[in-house]
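Participant: Below is one structure. I have some questions about it.
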Amino acid sequence: MNRDLLNTVTLAAARGLKIPVTIVSTALLARLLGPEGVGVWAMVMAAGALLHSAFMNWTHAIAVRFGCEEWERRRSTRATTAIRVPLLAGGAALSAAVLLFVPAAWVERLFSLSGDDLWIVLAYTISVWMVAESRSVMQITSRFRQLAFIPIAVELAGAILLGAVLLFGENPDRYLLLAALAAAMAVTALVPTVVEWFRTLNRSDRPEPLTLRDGVIYAWPLIPSFILGYISYWFDHLLLQAFFSSREVGIFQVGYQLMILLASLSAPIATVVLPRLITRQMADPAAVDRFVRDVIPTVIVLWFPLVSAAVAIAPAFVVPLYGAEFAEAEPVLAVLCAAVPGTILTSLYGTLFSLQGRFGWVTVYLGVMAAVNVGLSFALIPSMGIMGAAIGTSAAYLVSQAVYVADQHRHTGTRPAGTPCSIPPWRCSPCFRRFWSNRSGCASCSLPHSPCLCSRRRGSCASSTGTSWVVFAPDASPRSGASSIRCWFAASLPRDDRDQAPAIVFARRPCHIPARFPEFRFSTPMLLTLAVILVIAAGAAILRLVPHWLAPHGIGVDHWYWKAYIETYRRTRRFPPELPQFMLDKAQWYPPVFPLLIAHLPDRIFQNYSAVLAIVIDILRLVLVSVACWWYVADIAAVAVVAGVYALTPILVTYNVQLNPRGLGALLLDAAVLAAIFSGGETLSVPLLAAAVIAGGVILLTHKMTTQLAAFILLGAFAASLDWRYPAIAAAAVAAALILSGGFYVKVARAHWDIVKFWNRHWDTLTAHPVRESPLYREAGDTASRSYHRPGLRGWLRRGVFLTAFNPWAWGALLTGGIWLWLHPDDRIMTLLTAWVALVLLFSVLTTVVPFLKCLGNGYLYLYNAAAPACLILGIVTARAEGAPWIWPVLAALLLLSGAALAVYLNEFRKSRTVKLEAELAGAIDFLKQRPDGPVMCMPQHWHDVVAYFSGKPVLFGGHGYGFQLLEPIFPILRHPIGEIVERHGVRYLVTHDGYLPESFIADLPPATVTRFGDYQVYEFDAG
């Protein structure tokens, strides 16, 4: 068997064996000491890791870097060890001095440990040091089988000790138990380290001519990087300890440790690769390029299916292993596992930083990771506790994975060999229809690749991609005779040979690509890009699931209406379904595509996963814009930015917590606009016009606000081009909607006009408090307005915050696109994308500030549709960052704004009573279900749908389809006395909560029996 493969299998097997040993050890500790004891042990590990990171850890890189070369030449490590001894001695002395001579108050302040815990910290520090030392020496000598089992032996020693105490001990003292555990681990790690030192120091009398200066110059950048790594690893624990207690630290530690164990499965690959890569780099400088181009994508494709299974089942084992006291760690682990698949990226690409001696950049990227972690933890932990720590940690890991990949591809400039060209045909009229592209701009033909040399007379186009040349020549397909392009990816050429490039071409793996319909086949960069998209999509899904974890009893407002609609249709097969439980709806004339599409899902999927179907649609939209970016620039860093920006757009997180058709409408609109932009040519072709008409018809039958925005975009396109086909598309789309719906669109249009007229009359009370802002019940001195369109400076500031905070990326993209077009005015694609995002933002502003347009809905909700163009603008400019270095501070500022907006939203969501179903409200609804039939009125009015769904009783509400005039007496504000409303509609029950209703309203209620459920009350009016 190949030695590298054997070593990898051995290390992977050892990692796999270490996982159950570590889990058993922690589970035994958890059973003995509970969450609080695990939290104290975590603080001991944090203190020991701090000393090791600051004073000793960075010297191991010297051992691996110089020791591998010395061992390869001399079969000894004497010189390497000689330059490390002063550093190790100094580190050990400083560690001892900090522990023994500095007052122990620092341990108490940082880690909440007592002075008696000092010796436990010292013992644990020694064990960590010895394990790292023995592993580095064994890595140098390629003793991978022995290396693999050192950590297992250390963990096993601790597990045996804990098992013996659990079996034979009674109520062990926490201090003695932890001290014995640290001592056992230290002794077990010390023995193999001493053996390896003696084995490698006596092999040669001619050591390598290394100096202490060589080692320090090589490794000094690792000191801050290890400190930053420490912050990323332990900051959440320290913050949890500061804001909460050791119990929360212990629960988080269980989930975090399991995540680290799963992530560690990728480490054996890097452990094997680095020494071999150093050896091959010494013989062949192109080894790194082949590693990036060929090896890494193959490893990633093999890795993802394996790790996905482990990630999927891990949370289910938390309670059986650690006990019911650790049940809170299950959702924590689920969030943390979002970062596990991508750890293979940092493992493989991190190897290259060691080989290149670019540890300064490792420090920078660890700083980015630490900043993300610290920022999110500070924002989320005080309000969300353990879950906030999990979100911050997972997001930090995902960010670090993305920047590692982007850096190495930029640094190596590696391009794939034999990859099909993927740029649309309209990109270069002087050149042929299909070609490979790169990030930088082309001076001669406006392509997104390096300057190309075109010759129509020769019928070929040669372009430089970084340091490689690509030549395109016409050819005929031997199978079909159709015109095609044959692409050769040339061998690397020195930059000095660029002028001679057309004459100096080394052909590699020619591929036939039809001029009209390009052949599609997977290539290594495509697979790598797919992996990046999947990792970020997983992180986006986890982020969107956080509100569901914060609301275990249910979430959403319209969600319950859509469930009732779909379930009724599936049961009766009658369209449109009749929903008599909504007393103030005349008919269900809402656009039908979304509910009918969901209704055709298997019943098991709908019943079990209806709450996340909106998230699934949203992730499909993420994939769409990511693929569009790859199609245009073929740059993995740009795709990562596009997917990351989309994942972190606040309005996409806040809105997709429930079933809703907005996501499907946005997906259709995005696909239609992207097809128009990337289709080729300056004018609309007949097939594209037909597709646009059909897409427009489906949008009309899917979502009303998306329909309004699509009409505005067509209006803007017509105003800019005066092309009659744009209004023709709108008219034809209406005809398509009528045909597709069998005439039902007439009713949809009537219902659409009905809601527009309603809000044209009442936009000034949109989101107002229905009672406290009613002219009948407003209390004296209560002048506050809760309406979205409240007057005055505070109202304008609030609307400005909404327009900014729900999608800061859109405004940043508008600024970025404007700057780019000022510098590159001939960039057609950027012009169209910037116009797209500008039109969406303009419509959002107009529907916020222009009175007669406020009837078209909350203006900030249109920011939902600005996500796609914003992502693409930022991603494309990132791909061309060599000409736009200012993009990085723009992205950093937008990331901070987006993170702050998400933190505020999650905190408000946690406290909200209107968009999530709390246990007490669920109890009130169960009570209603058992009571005699009768209409229910809810205050707040957000509860009507959920009460109707779970109680089975009619509710005094509507506003879903057609009949908005029936709502006017009670919505948006009460316009009739409550007694009159109760009598007219026969209302039997009123559901509310403490503090929501003013005393004047309560006094006006008919006689009733009040039943309380915590802060919630159910008024049951006397019958008759």
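Naming works like this for the structure tokens: A, B, ... for the chains as they're shown, residue 1 at the start of each chain, ligands 1 onward in shown order.
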From a DSSP pass on the backbone, collect the residues of region 680-898 of chain A flagged as alpha helix (DSSP H) and hand them back as a PyMOL selection string.
Facilitator: chain A and resi 686-700+704-721+725-740+745-762+793-805+808-823+828-849+867-879+887-898
Participant: Using only C-alpha atoms, find the one residue out of A:Ala390, A:Ala810, A:Ala731, A:Cys871 that sits nearest to Val623 (chain A).
Facilitator: A:Cys871
Participant: When you look at Ile677 (chain A) with a cut-off of 10 Å (counting only C-alpha atoms), what residues show up, excluding the ones that are within fewer than 5 positions of it in the same chain? I need them as an MDAnalysis selection string.
Facilitator: chainID A and resid 671:672 682 684 828:833 836
Participant: Which neighbours of Pro382 (chain A) fall inside 9 Å, counting only C-alpha atoms, when residues of the same chain fewer than 3 positions from it are skipped, and could you give them as a ChimeraX atom specification?
Facilitator: /A:239-240,243-244,377-379,385,388
Participant: Suppose we keep C-alpha atoms; can you now write the selection as a PDB file, in the first residue's frame?
Facilitator:
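Okay, part_38.pdb is ready:
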```pdb
ATOM      1  CA  LEU A 239     -17.375  35.115  28.534  1.00  0.00           C
ATOM      2  CA  LEU A 240     -19.888  32.478  29.619  1.00  0.00           C
ATOM      3  CA  PHE A 243     -21.830  36.429  32.492  1.00  0.00           C
ATOM      4  CA  PHE A 244     -23.194  33.171  33.858  1.00  0.00           C
ATOM      5  CA  SER A 377     -19.968  36.529  21.376  1.00  0.00           C
ATOM      6  CA  PHE A 378     -20.091  39.956  22.979  1.00  0.00           C
ATOM      7  CA  ALA A 379     -23.299  40.677  21.095  1.00  0.00           C
ATOM      8  CA  GLY A 385     -26.256  32.542  26.618  1.00  0.00           C
ATOM      9  CA  GLY A 388     -24.983  32.811  21.413  1.00  0.00           C
TER      10      GLY A 388
END
```
Participant: What lies within 8 Å of region 338-348 of chain A using only C-alpha atoms, ignoring chain neighbours under 4 positions off, as a ChimeraX atom specification?
Facilitator: /A:259,262-263,266-267,269-270,296,300,303-304,307-308,311,334,352,394-395,397-398,400-401,404-405,532,535,538-539,542
Participant: Output N, CA and C atoms for every residue in that selection, as a PDB file, in the first residue's frame.
Facilitator:
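The new file again-v9.pdb reads:
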```
ATOM      1  N   MET A 259     -17.625  18.916  18.806  1.00  0.00           N
ATOM      2  CA  MET A 259     -17.361  19.551  17.517  1.00  0.00           C
ATOM      3  C   MET A 259     -15.877  19.498  17.168  1.00  0.00           C
ATOM      4  N   LEU A 262     -14.899  16.003  16.058  1.00  0.00           N
ATOM      5  CA  LEU A 262     -15.295  15.754  14.676  1.00  0.00           C
ATOM      6  C   LEU A 262     -14.393  16.504  13.698  1.00  0.00           C
ATOM      7  N   ALA A 263     -14.065  17.747  14.043  1.00  0.00           N
ATOM      8  CA  ALA A 263     -13.190  18.538  13.171  1.00  0.00           C
ATOM      9  C   ALA A 263     -11.797  17.935  13.096  1.00  0.00           C
ATOM     10  N   SER A 266      -9.998  15.707  10.206  1.00  0.00           N
ATOM     11  CA  SER A 266      -9.261  16.185   9.033  1.00  0.00           C
ATOM     12  C   SER A 266      -7.782  16.371   9.297  1.00  0.00           C
ATOM     13  N   ALA A 267      -7.364  16.397  10.562  1.00  0.00           N
ATOM     14  CA  ALA A 267      -5.969  16.687  10.890  1.00  0.00           C
ATOM     15  C   ALA A 267      -4.978  15.650  10.383  1.00  0.00           C
ATOM     16  N   ILE A 269      -4.664  14.163   7.647  1.00  0.00           N
ATOM     17  CA  ILE A 269      -4.262  14.420   6.264  1.00  0.00           C
ATOM     18  C   ILE A 269      -3.139  15.449   6.236  1.00  0.00           C
ATOM     19  N   ALA A 270      -3.302  16.548   6.971  1.00  0.00           N
ATOM     20  CA  ALA A 270      -2.261  17.578   6.992  1.00  0.00           C
ATOM     21  C   ALA A 270      -0.999  17.068   7.674  1.00  0.00           C
ATOM     22  N   ILE A 296      -6.054  18.692  -3.439  1.00  0.00           N
ATOM     23  CA  ILE A 296      -7.040  19.234  -2.497  1.00  0.00           C
ATOM     24  C   ILE A 296      -8.479  18.972  -2.939  1.00  0.00           C
ATOM     25  N   ILE A 300     -11.260  16.761  -0.757  1.00  0.00           N
ATOM     26  CA  ILE A 300     -12.507  17.379  -0.283  1.00  0.00           C
ATOM     27  C   ILE A 300     -13.714  16.568  -0.728  1.00  0.00           C
ATOM     28  N   TRP A 303     -13.967  13.647   1.430  1.00  0.00           N
ATOM     29  CA  TRP A 303     -14.181  13.979   2.838  1.00  0.00           C
ATOM     30  C   TRP A 303     -15.645  14.258   3.158  1.00  0.00           C
ATOM     31  N   PHE A 304     -16.312  15.006   2.304  1.00  0.00           N
ATOM     32  CA  PHE A 304     -17.637  15.514   2.659  1.00  0.00           C
ATOM     33  C   PHE A 304     -18.664  14.415   2.937  1.00  0.00           C
ATOM     34  N   VAL A 307     -17.835  12.887   6.545  1.00  0.00           N
ATOM     35  CA  VAL A 307     -18.051  13.712   7.732  1.00  0.00           C
ATOM     36  C   VAL A 307     -19.521  14.084   7.900  1.00  0.00           C
ATOM     37  N   SER A 308     -20.255  14.134   6.802  1.00  0.00           N
ATOM     38  CA  SER A 308     -21.670  14.508   6.895  1.00  0.00           C
ATOM     39  C   SER A 308     -22.451  13.521   7.747  1.00  0.00           C
ATOM     40  N   VAL A 311     -21.690  14.220  11.413  1.00  0.00           N
ATOM     41  CA  VAL A 311     -22.321  15.465  11.859  1.00  0.00           C
ATOM     42  C   VAL A 311     -23.822  15.274  12.071  1.00  0.00           C
ATOM     43  N   ALA A 334     -25.547  21.078  17.429  1.00  0.00           N
ATOM     44  CA  ALA A 334     -26.078  21.178  16.069  1.00  0.00           C
ATOM     45  C   ALA A 334     -25.596  22.449  15.380  1.00  0.00           C
ATOM     46  N   LEU A 352      -0.048  24.716   3.592  1.00  0.00           N
ATOM     47  CA  LEU A 352       0.735  25.517   2.646  1.00  0.00           C
ATOM     48  C   LEU A 352       1.358  26.733   3.318  1.00  0.00           C
ATOM     49  N   SER A 394     -19.281  29.077  15.541  1.00  0.00           N
ATOM     50  CA  SER A 394     -19.504  28.484  14.220  1.00  0.00           C
ATOM     51  C   SER A 394     -19.256  29.505  13.113  1.00  0.00           C
ATOM     52  N   ALA A 395     -19.748  30.721  13.297  1.00  0.00           N
ATOM     53  CA  ALA A 395     -19.527  31.761  12.283  1.00  0.00           C
ATOM     54  C   ALA A 395     -18.049  32.073  12.125  1.00  0.00           C
ATOM     55  N   TYR A 397     -15.462  30.067  12.598  1.00  0.00           N
ATOM     56  CA  TYR A 397     -14.820  28.977  11.867  1.00  0.00           C
ATOM     57  C   TYR A 397     -15.127  29.059  10.380  1.00  0.00           C
ATOM     58  N   LEU A 398     -16.374  29.337  10.027  1.00  0.00           N
ATOM     59  CA  LEU A 398     -16.737  29.431   8.616  1.00  0.00           C
ATOM     60  C   LEU A 398     -15.998  30.565   7.917  1.00  0.00           C
ATOM     61  N   SER A 400     -13.037  31.814   8.776  1.00  0.00           N
ATOM     62  CA  SER A 400     -11.623  31.444   8.643  1.00  0.00           C
ATOM     63  C   SER A 400     -11.416  30.454   7.502  1.00  0.00           C
ATOM     64  N   GLN A 401     -12.343  29.528   7.325  1.00  0.00           N
ATOM     65  CA  GLN A 401     -12.220  28.570   6.224  1.00  0.00           C
ATOM     66  C   GLN A 401     -12.265  29.277   4.875  1.00  0.00           C
ATOM     67  N   TYR A 404      -8.917  31.273   4.218  1.00  0.00           N
ATOM     68  CA  TYR A 404      -7.788  30.387   3.915  1.00  0.00           C
ATOM     69  C   TYR A 404      -7.815  29.976   2.443  1.00  0.00           C
ATOM     70  N   VAL A 405      -8.974  29.553   1.976  1.00  0.00           N
ATOM     71  CA  VAL A 405      -9.097  29.122   0.585  1.00  0.00           C
ATOM     72  C   VAL A 405      -8.794  30.269  -0.369  1.00  0.00           C
ATOM     73  N   VAL A 532     -17.465  24.689  -1.201  1.00  0.00           N
ATOM     74  CA  VAL A 532     -17.580  25.968  -0.503  1.00  0.00           C
ATOM     75  C   VAL A 532     -19.042  26.384  -0.395  1.00  0.00           C
ATOM     76  N   VAL A 535     -20.786  24.262   2.244  1.00  0.00           N
ATOM     77  CA  VAL A 535     -20.404  24.624   3.611  1.00  0.00           C
ATOM     78  C   VAL A 535     -21.119  25.897   4.052  1.00  0.00           C
ATOM     79  N   ALA A 538     -24.778  25.366   4.519  1.00  0.00           N
ATOM     80  CA  ALA A 538     -25.060  24.713   5.801  1.00  0.00           C
ATOM     81  C   ALA A 538     -25.027  25.730   6.934  1.00  0.00           C
ATOM     82  N   GLY A 539     -24.040  26.623   6.910  1.00  0.00           N
ATOM     83  CA  GLY A 539     -23.993  27.670   7.926  1.00  0.00           C
ATOM     84  C   GLY A 539     -25.193  28.589   7.860  1.00  0.00           C
ATOM     85  N   ILE A 542     -28.138  26.804   9.384  1.00  0.00           N
ATOM     86  CA  ILE A 542     -28.039  26.780  10.851  1.00  0.00           C
ATOM     87  C   ILE A 542     -28.449  28.133  11.434  1.00  0.00           C
TER      88      ILE A 542
END
```
Participant: Can you pull out every residue from region 774-960 of chain A that DSSP, working from the backbone, puts in strand (DSSP E or B), and format the result as a ChimeraX atom specification?
Facilitator: /A:916,936-938,955
